[in-house]
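Read the structure below first, then the notes.
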Amino acid sequence: MNKIGRYIVLIMSGILIGAVNGFLGAGGGILTVIVLRYVLKLEPKEAHATAIFVILPLCAVSGIIYVILGHFSLSISLFVLIGSLVGAVLGTVILSKLKNNIIVYIFGVVIILSGVKLIF
């Protein structure tokens with residue numbers, strides 16, 4: 001893929017990822033990892049770290065819009081945020097220590113289990 005084609009794929013993927021993240025409040029990171037891994041051929045650690053960086057501003061923008069629309073619970077969010085910050089540090093440390101094939105396996109299992117739970 002040439003440089004212009006790569007940029008077009010990135011922009012089109014970004015539109016899809018942003019729409020999914022804004023609509024569902026989740027899933028944008030999963031799609032980002034998939035695009036980075038299988039379309040752009042990044043290694044798992046780089047794909048996951050890049051996805052986190054990409055999703056942060058998307059979540060901020062979506063969150064602001066949901067606050068403006070009144071679809072927000074401050075009391076719940078603060079407690080979840082505290083736990084999420086601890087989990088983010090823990091997850092980052094774990095990601096840095098795991099081998100790529102283990103990261104891919106865990107990612108796949110989490111996606112499958114999440115999908116099964118949502119359906120049933």
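Labeling convention for the structure tokens: chains A, B, ... as they appear, residues from 1 per chain, ligands from 1 in order of appearance.
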
Practice prompt. Pick out the residues sitting within 12 Å of Thr50 in chain A, and hand them over as a VMD selection string; count only C-alpha atoms, and ignore anything fewer than 2 positions along from it in its own chain.
Written response: chain A and resid 29 to 37 40 42 to 48 52 to 56

Worksheet, complete the sentence: Expressed in Å, the length from CA of Ser13 in chain A to CA of Lys41 in chain A is 14.4 Å

Practice prompt. Quick one: pull the distance between CA of Val20 in chain A and CA of Ser62 in chain A, Å, one decimal.
Written response: 10.7 Å

Discussion item. Applying 12 Å and only C-alpha atoms, which residues near range 83-94 of chain A remain after dropping the ones on its own chain fewer than 4 positions away? List them as number ranges by chain.
Written reply: A: 45-46, 48-49, 52, 76-79, 98-100, 102-103, 106

Would you write out those residues with C-alpha atoms, as a PDB file, in the first residue's frame?
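Produced file again-v3.pdb, reproduced below:
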ATOM      1  CA  LYS A  45       2.211  -4.136  21.838  1.00  0.00           C
ATOM      2  CA  GLU A  46       2.516  -1.205  19.460  1.00  0.00           C
ATOM      3  CA  HIS A  48      -2.536  -1.783  21.711  1.00  0.00           C
ATOM      4  CA  ALA A  49      -0.514   1.210  22.953  1.00  0.00           C
ATOM      5  CA  ILE A  52      -5.090   3.683  23.780  1.00  0.00           C
ATOM      6  CA  ILE A  76     -21.011   6.390  39.456  1.00  0.00           C
ATOM      7  CA  SER A  77     -18.348   7.812  37.147  1.00  0.00           C
ATOM      8  CA  LEU A  78     -16.073   9.014  39.932  1.00  0.00           C
ATOM      9  CA  PHE A  79     -15.910   5.602  41.607  1.00  0.00           C
ATOM     10  CA  LEU A  98       3.817 -10.136  28.013  1.00  0.00           C
ATOM     11  CA  LYS A  99       4.953 -11.721  24.761  1.00  0.00           C
ATOM     12  CA  ASN A 100       3.075 -10.715  21.625  1.00  0.00           C
ATOM     13  CA  ILE A 102       0.026 -14.088  24.606  1.00  0.00           C
ATOM     14  CA  ILE A 103      -1.371 -10.573  24.058  1.00  0.00           C
ATOM     15  CA  ILE A 106      -5.871 -12.748  25.603  1.00  0.00           C
TER      16      ILE A 106
END

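The space separating CA of Leu113 in chain A from CA of Gly27 in chain A comes to 13.8 Å.
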